$ cat target.tsv   # TSV, C-alpha atoms (C1' of nucleotides) and all ligand atoms
chain	number	residue	atom	x	y	z
A	5	MET	CA	0.00	0.00	0.00
A	6	ASN	CA	2.72	2.43	0.94
A	7	ASP	CA	4.81	0.60	-1.58
A	8	ILE	CA	2.20	1.37	-4.15
A	9	LYS	CA	2.14	5.02	-3.19
A	10	GLN	CA	5.90	5.20	-3.51
A	11	PHE	CA	5.72	3.30	-6.76
A	12	LEU	CA	3.26	5.81	-8.17
A	13	ARG	CA	5.19	8.80	-6.87
A	14	SER	CA	8.39	7.47	-8.36
A	15	ASN	CA	6.60	7.52	-11.69
A	16	ALA	CA	5.44	11.09	-11.28
A	17	LEU	CA	1.88	9.99	-10.70
A	18	ARG	CA	-0.09	11.22	-7.72
A	19	PRO	CA	-1.19	8.32	-5.58
A	20	THR	CA	-4.92	8.91	-5.75
A	21	LYS	CA	-7.38	6.38	-4.33
A	22	GLN	CA	-8.25	5.19	-7.80
A	23	ARG	CA	-4.69	4.81	-9.03
A	24	ILE	CA	-3.75	2.93	-5.87
A	25	VAL	CA	-6.56	0.46	-6.40
A	26	ILE	CA	-5.76	-0.01	-10.06
A	27	ALA	CA	-2.01	-0.29	-9.56
A	28	GLY	CA	-2.57	-2.63	-6.62
A	29	TYR	CA	-4.49	-4.95	-8.87
A	30	LEU	CA	-2.35	-4.65	-11.99
A	31	PHE	CA	1.03	-4.89	-10.30
A	32	ASP	CA	0.39	-7.60	-7.76
A	33	GLY	CA	3.17	-9.72	-9.17
A	34	ILE	CA	1.04	-11.72	-11.55
A	35	ASP	CA	1.35	-10.64	-15.17
A	36	LYS	CA	-1.93	-9.68	-16.72
A	37	HIS	CA	-3.55	-8.65	-19.97
A	38	VAL	CA	-6.52	-6.36	-19.46
A	39	THR	CA	-8.92	-4.25	-21.44
A	40	ALA	CA	-10.61	-1.19	-19.96
A	41	GLU	CA	-13.75	-3.25	-19.73
A	42	SER	CA	-12.20	-6.35	-18.15
A	43	LEU	CA	-10.34	-4.20	-15.64
A	44	SER	CA	-13.52	-2.40	-14.71
A	45	THR	CA	-15.31	-5.72	-14.21
A	46	GLU	CA	-12.47	-7.17	-12.18
A	47	LEU	CA	-12.34	-4.17	-9.86
A	48	ALA	CA	-16.11	-4.16	-9.50
A	49	LYS	CA	-15.91	-7.74	-8.24
A	50	ARG	CA	-13.59	-6.43	-5.55
A	51	LYS	CA	-16.12	-3.70	-4.72
A	52	HIS	CA	-14.01	-0.97	-6.21
A	53	ILE	CA	-16.20	1.09	-8.46
A	54	ILE	CA	-14.15	3.40	-10.61
A	55	SER	CA	-15.54	5.30	-13.55
A	56	LEU	CA	-14.64	4.02	-16.99
A	57	ALA	CA	-13.21	7.44	-17.84
A	58	THR	CA	-10.76	7.09	-14.97
A	59	ILE	CA	-9.91	3.56	-15.96
A	60	TYR	CA	-9.09	4.75	-19.46
A	61	ASN	CA	-7.16	7.73	-18.10
A	62	THR	CA	-5.18	5.56	-15.72
A	63	LEU	CA	-4.35	2.87	-18.25
A	64	HIS	CA	-3.02	5.57	-20.54
A	65	ASP	CA	-1.12	7.30	-17.74
A	66	PHE	CA	0.51	4.00	-16.86
A	67	TYR	CA	1.18	3.26	-20.50
A	68	GLU	CA	2.77	6.65	-21.07
A	69	ASN	CA	5.04	6.04	-18.12
A	70	GLY	CA	6.14	2.71	-19.47
A	71	LEU	CA	4.36	0.69	-16.80
A	72	LEU	CA	2.19	-1.07	-19.37
A	73	LYS	CA	2.49	-2.17	-22.96
A	74	LYS	CA	-0.33	-1.81	-25.43
A	75	LEU	CA	-1.39	-4.70	-27.65
A	76	THR	CA	-3.46	-4.45	-30.79
A	77	LEU	CA	-4.68	-7.93	-31.56
A	78	SER	CA	-8.27	-7.33	-32.42
A	79	ALA	CA	-9.92	-4.35	-34.01
A	80	ASP	CA	-12.42	-3.75	-31.29
A	81	ARG	CA	-10.56	-3.67	-28.03
A	82	VAL	CA	-7.14	-2.63	-26.84
A	83	TYR	CA	-5.22	-4.84	-24.45
A	84	PHE	CA	-2.79	-3.52	-21.87
A	85	ASP	CA	-0.02	-5.83	-20.76
A	86	THR	CA	1.65	-5.65	-17.36
A	87	ASN	CA	4.63	-7.55	-18.71
A	88	THR	CA	6.76	-4.74	-20.08
A	89	ASP	CA	9.72	-6.89	-21.08
A	90	HIS	CA	9.99	-7.58	-24.77
A	91	HIS	CA	8.00	-10.75	-25.36
A	92	HIS	CA	5.55	-12.42	-27.71
A	93	HIS	CA	2.12	-14.04	-27.49
A	94	PHE	CA	-0.06	-17.00	-28.12
A	95	TYR	CA	-3.43	-15.62	-29.05
A	96	SER	CA	-6.83	-17.05	-29.71
A	97	GLU	CA	-9.23	-14.52	-31.12
A	98	LYS	CA	-12.13	-16.90	-30.77
A	99	GLU	CA	-11.54	-17.56	-27.08
A	100	GLN	CA	-10.02	-14.16	-26.26
A	101	PHE	CA	-7.12	-16.10	-25.01
A	102	LEU	CA	-3.70	-14.51	-24.50
A	103	ILE	CA	-0.53	-16.10	-23.12
A	104	ASP	CA	2.94	-14.66	-22.83
A	105	ILE	CA	5.86	-16.22	-24.62
A	106	ASN	CA	8.81	-15.21	-22.54
A	107	LYS	CA	11.31	-17.54	-24.11
A	108	ASN	CA	13.77	-16.01	-26.50
A	109	ILE	CA	12.45	-16.26	-30.01
A	110	LYS	CA	14.63	-15.86	-33.04
A	111	VAL	CA	13.23	-14.67	-36.34
A	112	ASN	CA	15.38	-15.62	-39.32
A	113	GLY	CA	15.16	-14.72	-42.96
A	114	LEU	CA	13.96	-11.14	-42.76
A	115	PRO	CA	14.61	-9.13	-45.92
A	116	LYS	CA	16.49	-5.93	-45.53
A	117	THR	CA	14.74	-3.09	-43.80
A	118	PRO	CA	13.14	-0.50	-46.11
A	119	LYS	CA	15.33	2.52	-46.91
A	120	ASN	CA	15.54	5.14	-44.21
A	121	LYS	CA	13.52	3.09	-41.75
A	122	LYS	CA	14.65	1.50	-38.56
A	123	ILE	CA	13.29	-1.56	-36.83
A	124	ASN	CA	11.55	-0.60	-33.66
A	125	LYS	CA	10.54	-4.08	-32.57
A	126	ILE	CA	9.67	-7.45	-33.98
A	127	GLU	CA	6.36	-8.85	-32.82
A	128	VAL	CA	5.44	-12.50	-33.14
A	129	ILE	CA	1.83	-13.52	-32.66
A	130	VAL	CA	1.07	-17.22	-32.63
A	131	HIS	CA	-2.58	-17.52	-33.52
A	132	LEU	CA	-4.35	-20.49	-32.00
A	133	ASP	CA	-7.69	-22.02	-32.89
B	23	MET	CA	-13.97	-6.99	-67.46
B	24	ASN	CA	-15.48	-10.26	-68.54
B	25	ASP	CA	-12.63	-11.86	-66.71
B	26	ILE	CA	-13.76	-10.02	-63.63
B	27	LYS	CA	-17.33	-11.15	-64.09
B	28	GLN	CA	-16.20	-14.74	-64.41
B	29	PHE	CA	-13.91	-14.30	-61.46
B	30	LEU	CA	-16.79	-13.08	-59.32
B	31	ARG	CA	-19.16	-15.76	-60.56
B	32	SER	CA	-16.60	-18.44	-59.85
B	33	ASN	CA	-16.64	-17.22	-56.28
B	34	ALA	CA	-20.40	-17.36	-56.01
B	35	LEU	CA	-20.68	-13.59	-56.08
B	36	ARG	CA	-23.01	-11.83	-58.46
B	37	PRO	CA	-21.07	-9.53	-60.73
B	38	THR	CA	-22.80	-6.29	-59.84
B	39	LYS	CA	-21.53	-2.93	-61.12
B	40	GLN	CA	-20.07	-2.15	-57.74
B	41	ARG	CA	-18.32	-5.46	-57.22
B	42	ILE	CA	-16.85	-5.28	-60.70
B	43	VAL	CA	-15.39	-1.86	-60.01
B	44	ILE	CA	-14.03	-2.88	-56.63
B	45	ALA	CA	-12.61	-6.20	-57.82
B	46	GLY	CA	-11.18	-4.49	-60.88
B	47	TYR	CA	-9.25	-2.17	-58.64
B	48	LEU	CA	-8.24	-4.64	-55.94
B	49	PHE	CA	-7.22	-7.49	-58.20
B	50	ASP	CA	-5.39	-5.61	-60.93
B	51	GLY	CA	-2.25	-7.61	-60.31
B	52	ILE	CA	-0.67	-5.20	-57.86
B	53	ASP	CA	-0.91	-6.32	-54.25
B	54	LYS	CA	-2.61	-3.80	-52.02
B	55	HIS	CA	-3.51	-3.07	-48.44
B	56	VAL	CA	-6.71	-1.06	-48.13
B	57	THR	CA	-9.11	0.15	-45.51
B	58	ALA	CA	-12.77	0.82	-46.27
B	59	GLU	CA	-11.94	4.49	-46.19
B	60	SER	CA	-8.84	4.34	-48.39
B	61	LEU	CA	-10.66	2.17	-50.90
B	62	SER	CA	-13.55	4.60	-51.03
B	63	THR	CA	-11.15	7.49	-51.61
B	64	GLU	CA	-9.23	5.61	-54.28
B	65	LEU	CA	-12.39	4.71	-56.19
B	66	ALA	CA	-13.70	8.25	-55.89
B	67	LYS	CA	-10.53	9.49	-57.58
B	68	ARG	CA	-11.44	7.19	-60.45
B	69	LYS	CA	-14.96	8.66	-60.51
B	70	HIS	CA	-16.55	5.56	-59.06
B	71	ILE	CA	-18.77	6.61	-56.22
B	72	ILE	CA	-19.87	3.62	-54.20
B	73	SER	CA	-21.56	3.88	-50.84
B	74	LEU	CA	-19.46	3.07	-47.80
B	75	ALA	CA	-22.00	0.43	-46.80
B	76	THR	CA	-21.38	-1.37	-50.07
B	77	ILE	CA	-17.65	-1.03	-49.70
B	78	TYR	CA	-17.85	-2.65	-46.27
B	79	ASN	CA	-20.21	-5.32	-47.57
B	80	THR	CA	-17.97	-6.09	-50.50
B	81	LEU	CA	-14.76	-6.22	-48.52
B	82	HIS	CA	-16.42	-8.69	-46.18
B	83	ASP	CA	-17.88	-10.72	-49.03
B	84	PHE	CA	-14.45	-10.95	-50.61
B	85	TYR	CA	-12.89	-11.76	-47.26
B	86	GLU	CA	-15.40	-14.51	-46.55
B	87	ASN	CA	-14.61	-16.02	-49.91
B	88	GLY	CA	-10.92	-16.03	-49.21
B	89	LEU	CA	-10.11	-13.34	-51.75
B	90	LEU	CA	-8.74	-11.02	-49.09
B	91	LYS	CA	-6.98	-11.34	-45.80
B	92	LYS	CA	-7.80	-9.17	-42.84
B	93	LEU	CA	-5.08	-7.42	-40.85
B	94	THR	CA	-5.43	-5.98	-37.38
B	95	LEU	CA	-2.48	-3.70	-36.85
B	96	SER	CA	-4.09	-0.68	-35.31
B	97	ALA	CA	-7.10	-0.43	-33.08
B	98	ASP	CA	-8.98	2.01	-35.21
B	99	ARG	CA	-9.03	0.66	-38.71
B	100	VAL	CA	-9.06	-2.74	-40.36
B	101	TYR	CA	-6.79	-3.43	-43.30
B	102	PHE	CA	-7.66	-5.84	-46.07
B	103	ASP	CA	-4.80	-7.46	-47.94
B	104	THR	CA	-5.03	-8.64	-51.54
B	105	ASN	CA	-2.03	-10.90	-50.99
B	106	THR	CA	-3.68	-14.04	-49.68
B	107	ASP	CA	-0.51	-16.12	-49.49
B	108	HIS	CA	0.88	-16.56	-46.03
B	109	HIS	CA	3.27	-13.67	-45.49
B	110	HIS	CA	4.42	-11.09	-42.98
B	111	HIS	CA	4.72	-7.31	-42.80
B	112	PHE	CA	6.84	-4.30	-42.16
B	113	TYR	CA	4.60	-1.79	-40.48
B	114	SER	CA	4.92	1.79	-39.39
B	115	GLU	CA	2.02	2.92	-37.28
B	116	LYS	CA	3.21	6.51	-37.41
B	117	GLU	CA	3.35	6.63	-41.18
B	118	GLN	CA	0.55	4.13	-41.85
B	119	PHE	CA	3.12	2.29	-43.83
B	120	LEU	CA	2.67	-1.38	-44.74
B	121	ILE	CA	4.96	-3.58	-46.83
B	122	ASP	CA	4.73	-7.28	-47.56
B	123	ILE	CA	7.47	-9.64	-46.54
B	124	ASN	CA	7.15	-12.47	-48.97
B	125	LYS	CA	10.44	-14.14	-48.17
B	126	ASN	CA	10.30	-17.27	-46.09
B	127	ILE	CA	10.71	-16.38	-42.47
B	128	LYS	CA	11.63	-18.90	-39.83
B	129	VAL	CA	10.63	-18.46	-36.22
B	130	ASN	CA	12.77	-20.46	-33.82
B	131	GLY	CA	12.51	-21.05	-30.11
B	132	LEU	CA	8.76	-21.21	-29.65
B	133	PRO	CA	7.68	-22.93	-26.44
B	134	LYS	CA	5.27	-25.78	-26.76
B	135	THR	CA	1.76	-24.95	-27.79
B	136	PRO	CA	-0.77	-24.70	-24.93
B	137	LYS	CA	-2.68	-27.92	-24.20
B	138	ASN	CA	-5.52	-28.71	-26.55
B	139	LYS	CA	-4.74	-25.80	-28.82
B	140	LYS	CA	-3.46	-25.86	-32.34
B	141	ILE	CA	-1.40	-23.28	-34.14
B	142	ASN	CA	-3.43	-21.62	-36.80
B	143	LYS	CA	-0.75	-19.30	-38.11
B	144	ILE	CA	2.33	-17.45	-36.99
B	145	GLU	CA	2.31	-13.75	-37.71
B	146	VAL	CA	5.43	-11.63	-37.68
B	147	ILE	CA	5.08	-7.86	-37.63
B	148	VAL	CA	8.24	-5.83	-37.98
B	149	HIS	CA	7.45	-2.45	-36.49
B	150	LEU	CA	9.34	0.44	-38.03
B	151	ASP	CA	9.79	3.97	-36.76
C	1	DT	C1'	-38.14	-12.30	-73.84
C	2	DC	C1'	-39.51	-11.34	-69.29
C	3	DA	C1'	-41.86	-12.02	-64.90
C	4	DA	C1'	-40.60	-13.30	-60.49
C	5	DC	C1'	-37.58	-13.48	-56.88
C	6	DA	C1'	-33.42	-13.77	-54.45
C	7	DC	C1'	-29.58	-11.08	-53.96
C	8	DT	C1'	-27.58	-6.33	-53.64
C	9	DT	C1'	-27.15	-1.48	-52.82
C	10	DT	C1'	-27.86	2.39	-50.08
C	11	DA	C1'	-29.17	6.28	-46.88
C	12	DG	C1'	-29.49	6.89	-42.58
C	13	DA	C1'	-29.86	5.14	-37.92
C	14	DA	C1'	-27.62	2.41	-34.44
C	15	DT	C1'	-23.70	0.48	-31.99
C	16	DC	C1'	-19.85	0.60	-29.14
C	17	DA	C1'	-15.13	1.36	-27.75
C	18	DT	C1'	-12.86	5.26	-26.79
C	19	DT	C1'	-12.08	10.26	-26.15
C	20	DC	C1'	-13.52	14.77	-24.80
C	21	DT	C1'	-15.61	18.45	-21.84
C	22	DA	C1'	-16.14	20.99	-18.01
C	23	DA	C1'	-17.38	21.00	-13.34
C	24	DA	C1'	-16.50	19.04	-8.78
C	25	DC	C1'	-12.89	17.00	-6.02
C	26	DT	C1'	-8.36	16.08	-3.81
C	27	DG	C1'	-3.27	15.46	-3.03
C	28	DA	C1'	0.79	18.30	-2.37
C	29	DT	C1'	2.91	22.22	-0.72
C	30	DA	C1'	4.12	26.19	2.07
D	5	DT	C1'	-4.91	24.96	6.54
D	6	DA	C1'	-5.46	27.75	2.15
D	7	DT	C1'	-4.28	27.29	-2.40
D	8	DC	C1'	-3.78	25.29	-6.75
D	9	DA	C1'	-2.39	22.01	-10.03
D	10	DG	C1'	-3.59	17.57	-10.97
D	11	DT	C1'	-7.63	14.13	-10.95
D	12	DT	C1'	-12.06	12.13	-11.26
D	13	DT	C1'	-16.39	11.78	-13.34
D	14	DA	C1'	-20.99	12.05	-15.74
D	15	DG	C1'	-22.41	12.67	-19.78
D	16	DA	C1'	-21.73	14.25	-24.51
D	17	DA	C1'	-19.12	13.51	-28.64
D	18	DT	C1'	-16.48	10.84	-31.96
D	19	DG	C1'	-15.65	7.66	-35.53
D	20	DA	C1'	-15.23	3.15	-37.49
D	21	DT	C1'	-18.27	-0.26	-38.39
D	22	DT	C1'	-22.75	-2.62	-38.54
D	23	DC	C1'	-27.66	-2.69	-39.04
D	24	DT	C1'	-32.28	-1.71	-41.07
D	25	DA	C1'	-35.47	-1.64	-44.38
D	26	DA	C1'	-36.73	0.09	-48.73
D	27	DA	C1'	-35.53	0.52	-53.55
D	28	DG	C1'	-32.84	-1.56	-57.32
D	29	DT	C1'	-30.79	-5.37	-60.17
D	30	DG	C1'	-28.86	-9.92	-61.86
D	31	DT	C1'	-30.51	-14.54	-62.81
D	32	DT	C1'	-33.41	-17.85	-64.48
D	33	DG	C1'	-37.17	-20.80	-65.97
D	34	DA	C1'	-41.00	-20.85	-68.96
E	1	MN	MN	-15.67	-0.80	-32.88
E	2	MN	MN	-12.55	4.00	-32.83
E	3	ZN	ZN	2.04	-10.27	-22.65
E	4	ZN	ZN	0.34	-8.00	-47.03

$ encode --input "target.tsv" --output "structure tokens" --more "lines below"
Ligand SMILES: [Mn+2]
Ligand SMILES: [Mn+2]
Ligand SMILES: [Zn+2]
Ligand SMILES: [Zn+2]
Amino acid sequence: MNDIKQFLRSNALRPTKQRIVIAGYLFDGIDKHVTAESLSTELAKRKHIISLATIYNTLHDFYENGLLKKLTLSADRVYFDTNTDHHHHFYSEKEQFLIDINKNIKVNGLPKTPKNKKINKIEVIVHLD
Amino acid sequence: MNDIKQFLRSNALRPTKQRIVIAGYLFDGIDKHVTAESLSTELAKRKHIISLATIYNTLHDFYENGLLKKLTLSADRVYFDTNTDHHHHFYSEKEQFLIDINKNIKVNGLPKTPKNKKINKIEVIVHLD
DNA sequence: TCAACACTTTAGAATCATTCTAAACTGATA
DNA sequence: TATCAGTTTAGAATGATTCTAAAGTGTTGA
């Protein structure tokens, strides 16, 4: 709790009630993939009602401070990932299923990068049925 | 033109004026990545005004018949890809830049597939700045 | 050839995730 | 503790996409 406050302060974020609840859930040591909606539902189960606007604001605040990664896997919802290390995913669109691949993956056979561009990151998505 | 009509018929799609125009543009031999919006704009330049509803309908009809692939790279627009072979992409979100990688790419070091799941496809996205 | 009908197109409304607005609230600071 | 910048929030707005239902058209069998 005080850890969380310090954690937020160290990221230049005021430790408000809402941020403490959200950070407490997201950064409890278990990596998670959440959408604004799933996060809202999860917190509601724990009797923490926070407006969707604040949930969106907070996810973006955390994202902008590098505490979350953003994943675009489907066109109609954005996932935020508490695992900020470079990693890849197993993904099932049908079952909304998302699992980290933390092992080192090597991608071989890439053609040369287009002129004047630089590779930012290589993302591997293993689509499952 | 008659080729296009046959092409559509052979895919169980009635060769309507609109579908002929859209297929004529999409399948002219040059691989393309389009959004509903970009396609609409492109056809308008060629003096072919087709309602957005029809453009969406047609893209989905083509997709459902395997004539297009669907790409989810950004949360706020869906790309359709005329290259239906399995391939990967260079992508710049900032510049809305999308280039096919047709070379064979090998992905090594994947962990074992989750129980009871099967790999549908492996997608590699090379993000550029 | 052409009537009949299933399939298609379309304008406009609806949907829905997300963002915006602006007013009330609160953490930090002196 | 007063002050103020930073936050939260309800509700409106946005924008891509889908839906609705009415008008239009390609196909086909006689
Ligand atoms: Mn949507
Ligand atoms: Mn959107
Ligand atoms: Zn992850
Ligand atoms: Zn492509």

$ closest_residue --input "target.tsv" --among "D:DT12, D:DT31, D:DT7, D:DT18" --to "ligand MN 1 (chain E)" --atoms "only C-alpha atoms (C1' of nucleotides) and all ligand atoms"
D:DT18

$ calpha_fit_and_write --input "target.tsv" --fixed "chain A" --moving "chain B" --output "CSV table (one decimal) with C-alpha atoms, in the coordinates of the input"
chain,number,residue,atom,x,y,z
B,23,MET,CA,0.0,0.0,0.0
B,24,ASN,CA,2.7,2.5,0.9
B,25,ASP,CA,4.8,0.6,-1.6
B,26,ILE,CA,2.2,1.4,-4.2
B,27,LYS,CA,2.1,5.0,-3.2
B,28,GLN,CA,5.9,5.2,-3.5
B,29,PHE,CA,5.7,3.3,-6.8
B,30,LEU,CA,3.2,5.8,-8.2
B,31,ARG,CA,5.2,8.8,-6.9
B,32,SER,CA,8.4,7.5,-8.4
B,33,ASN,CA,6.6,7.6,-11.7
B,34,ALA,CA,5.4,11.1,-11.3
B,35,LEU,CA,1.8,10.0,-10.7
B,36,ARG,CA,-0.1,11.3,-7.8
B,37,PRO,CA,-1.2,8.4,-5.6
B,38,THR,CA,-4.9,8.9,-5.8
B,39,LYS,CA,-7.4,6.4,-4.3
B,40,GLN,CA,-8.2,5.2,-7.8
B,41,ARG,CA,-4.7,4.8,-9.0
B,42,ILE,CA,-3.7,2.9,-5.9
B,43,VAL,CA,-6.6,0.5,-6.4
B,44,ILE,CA,-5.8,0.0,-10.1
B,45,ALA,CA,-2.0,-0.3,-9.6
B,46,GLY,CA,-2.6,-2.6,-6.6
B,47,TYR,CA,-4.5,-4.9,-8.9
B,48,LEU,CA,-2.3,-4.7,-12.0
B,49,PHE,CA,1.1,-4.9,-10.3
B,50,ASP,CA,0.4,-7.6,-7.8
B,51,GLY,CA,3.2,-9.7,-9.2
B,52,ILE,CA,1.1,-11.7,-11.6
B,53,ASP,CA,1.4,-10.6,-15.2
B,54,LYS,CA,-1.9,-9.7,-16.7
B,55,HIS,CA,-3.5,-8.6,-20.0
B,56,VAL,CA,-6.5,-6.4,-19.5
B,57,THR,CA,-8.9,-4.2,-21.4
B,58,ALA,CA,-10.6,-1.2,-19.9
B,59,GLU,CA,-13.8,-3.3,-19.7
B,60,SER,CA,-12.2,-6.4,-18.1
B,61,LEU,CA,-10.3,-4.2,-15.6
B,62,SER,CA,-13.5,-2.4,-14.7
B,63,THR,CA,-15.3,-5.7,-14.2
B,64,GLU,CA,-12.4,-7.2,-12.2
B,65,LEU,CA,-12.3,-4.2,-9.9
B,66,ALA,CA,-16.1,-4.2,-9.5
B,67,LYS,CA,-15.9,-7.8,-8.2
B,68,ARG,CA,-13.5,-6.5,-5.6
B,69,LYS,CA,-16.1,-3.8,-4.7
B,70,HIS,CA,-14.0,-1.0,-6.2
B,71,ILE,CA,-16.2,1.0,-8.4
B,72,ILE,CA,-14.2,3.4,-10.6
B,73,SER,CA,-15.6,5.3,-13.5
B,74,LEU,CA,-14.7,4.0,-17.0
B,75,ALA,CA,-13.2,7.4,-17.8
B,76,THR,CA,-10.8,7.1,-14.9
B,77,ILE,CA,-9.9,3.6,-15.9
B,78,TYR,CA,-9.1,4.7,-19.4
B,79,ASN,CA,-7.2,7.7,-18.1
B,80,THR,CA,-5.2,5.6,-15.7
B,81,LEU,CA,-4.4,2.9,-18.3
B,82,HIS,CA,-3.0,5.6,-20.5
B,83,ASP,CA,-1.1,7.3,-17.7
B,84,PHE,CA,0.5,4.0,-16.9
B,85,TYR,CA,1.2,3.3,-20.5
B,86,GLU,CA,2.8,6.7,-21.1
B,87,ASN,CA,5.0,6.1,-18.1
B,88,GLY,CA,6.1,2.7,-19.5
B,89,LEU,CA,4.4,0.7,-16.8
B,90,LEU,CA,2.2,-1.1,-19.4
B,91,LYS,CA,2.5,-2.2,-22.9
B,92,LYS,CA,-0.3,-1.8,-25.4
B,93,LEU,CA,-1.4,-4.7,-27.6
B,94,THR,CA,-3.5,-4.4,-30.8
B,95,LEU,CA,-4.7,-7.9,-31.6
B,96,SER,CA,-8.3,-7.3,-32.4
B,97,ALA,CA,-9.9,-4.3,-34.0
B,98,ASP,CA,-12.4,-3.7,-31.3
B,99,ARG,CA,-10.6,-3.6,-28.0
B,100,VAL,CA,-7.1,-2.6,-26.8
B,101,TYR,CA,-5.2,-4.8,-24.4
B,102,PHE,CA,-2.8,-3.5,-21.9
B,103,ASP,CA,0.0,-5.8,-20.8
B,104,THR,CA,1.7,-5.6,-17.4
B,105,ASN,CA,4.7,-7.5,-18.7
B,106,THR,CA,6.8,-4.7,-20.1
B,107,ASP,CA,9.7,-6.9,-21.1
B,108,HIS,CA,10.0,-7.6,-24.8
B,109,HIS,CA,8.0,-10.8,-25.4
B,110,HIS,CA,5.5,-12.4,-27.7
B,111,HIS,CA,2.1,-14.0,-27.5
B,112,PHE,CA,-0.1,-17.0,-28.1
B,113,TYR,CA,-3.5,-15.6,-29.1
B,114,SER,CA,-6.9,-17.0,-29.7
B,115,GLU,CA,-9.2,-14.5,-31.1
B,116,LYS,CA,-12.2,-16.9,-30.8
B,117,GLU,CA,-11.5,-17.5,-27.1
B,118,GLN,CA,-10.0,-14.1,-26.3
B,119,PHE,CA,-7.1,-16.1,-25.0
B,120,LEU,CA,-3.7,-14.5,-24.5
B,121,ILE,CA,-0.5,-16.1,-23.1
B,122,ASP,CA,2.9,-14.7,-22.8
B,123,ILE,CA,5.9,-16.2,-24.6
B,124,ASN,CA,8.8,-15.2,-22.5
B,125,LYS,CA,11.3,-17.6,-24.1
B,126,ASN,CA,13.8,-16.1,-26.5
B,127,ILE,CA,12.4,-16.3,-30.0
B,128,LYS,CA,14.6,-15.9,-33.1
B,129,VAL,CA,13.2,-14.7,-36.4
B,130,ASN,CA,15.4,-15.7,-39.3
B,131,GLY,CA,15.2,-14.7,-43.0
B,132,LEU,CA,14.0,-11.2,-42.8
B,133,PRO,CA,14.6,-9.1,-45.9
B,134,LYS,CA,16.5,-5.9,-45.5
B,135,THR,CA,14.8,-3.1,-43.8
B,136,PRO,CA,13.2,-0.5,-46.1
B,137,LYS,CA,15.4,2.5,-46.8
B,138,ASN,CA,15.6,5.1,-44.1
B,139,LYS,CA,13.6,3.1,-41.7
B,140,LYS,CA,14.7,1.5,-38.5
B,141,ILE,CA,13.3,-1.6,-36.8
B,142,ASN,CA,11.6,-0.6,-33.6
B,143,LYS,CA,10.6,-4.1,-32.6
B,144,ILE,CA,9.7,-7.5,-34.0
B,145,GLU,CA,6.4,-8.9,-32.8
B,146,VAL,CA,5.4,-12.5,-33.1
B,147,ILE,CA,1.8,-13.5,-32.7
B,148,VAL,CA,1.0,-17.2,-32.6
B,149,HIS,CA,-2.6,-17.5,-33.5
B,150,LEU,CA,-4.4,-20.5,-32.0
B,151,ASP,CA,-7.7,-22.0,-32.9

$ residues_around --input "target.tsv" --residues "region 107-123 of chain B" --least-positions-apart "3" --cutoff "6 Å" --atoms "only C-alpha atoms (C1' of nucleotides)" --output "PyMOL selection string"
chain B and resi 146-151

$ interface_residues --input "target.tsv" --of "chain B" --to "chain D" --cutoff "8 Å" --atoms "only C-alpha atoms (C1' of nucleotides)" --output "list of chain:residue names"
B:Arg36, B:Pro37, B:Thr38, B:Asp98, B:Arg99

$ interface_residues --input "target.tsv" --of "chain C" --to "chain A" --cutoff "9 Å" --atoms "all atoms listed in the file" --output "compact mmCIF listing (two decimals) with C-alpha atoms (C1' of nucleotides), in the coordinates of the input"
# COMPACT_ATOMS: atom_id res chain seq x y z
C1' DC C 16 -19.85 0.60 -29.14
C1' DA C 17 -15.13 1.36 -27.75
C1' DT C 18 -12.86 5.26 -26.79
C1' DT C 19 -12.08 10.26 -26.15
C1' DT C 26 -8.36 16.08 -3.81
C1' DG C 27 -3.27 15.46 -3.03
C1' DA C 28 0.79 18.30 -2.37

$ atom_distance --input "target.tsv" --atom1 "CA of Leu17 (chain A)" --atom2 "CA of Lys125 (chain A)"
27.4 Å

$ closest_residue --input "target.tsv" --among "A:Lys49, A:His37, A:Lys116, A:Lys110" --to "ligand ZN 3 (chain E)" --atoms "only C-alpha atoms and all ligand atoms"
A:His37

$ closest_residue --input "target.tsv" --among "B:Phe29, B:Tyr47, B:Tyr101, B:Tyr85" --to "chain A" --atoms "only C-alpha atoms"
B:Tyr101

$ atom_distance --input "target.tsv" --atom1 "CA of Ile72 (chain B)" --atom2 "CA of Gly46 (chain B)"
13.6 Å

$ atom_distance --input "target.tsv" --atom1 "CA of Ile127 (chain B)" --atom2 "CA of Gly113 (chain A)"
4.8 Å

$ axis_aligned_box --input "target.tsv" --around "region 17-30 of chain C" --padding-each-side "8 Å" --output "AutoDock Vina command-line options"
--center_x -6.6 --center_y 13.8 --center_z -12.8 --size_x 37.5 --size_y 40.8 --size_z 45.8

$ closest_residue --input "target.tsv" --among "A:Lys107, A:Val25, A:Ser78, A:Ser14" --to "ligand MN 1 (chain E)" --atoms "only C-alpha atoms and all ligand atoms"
A:Ser78
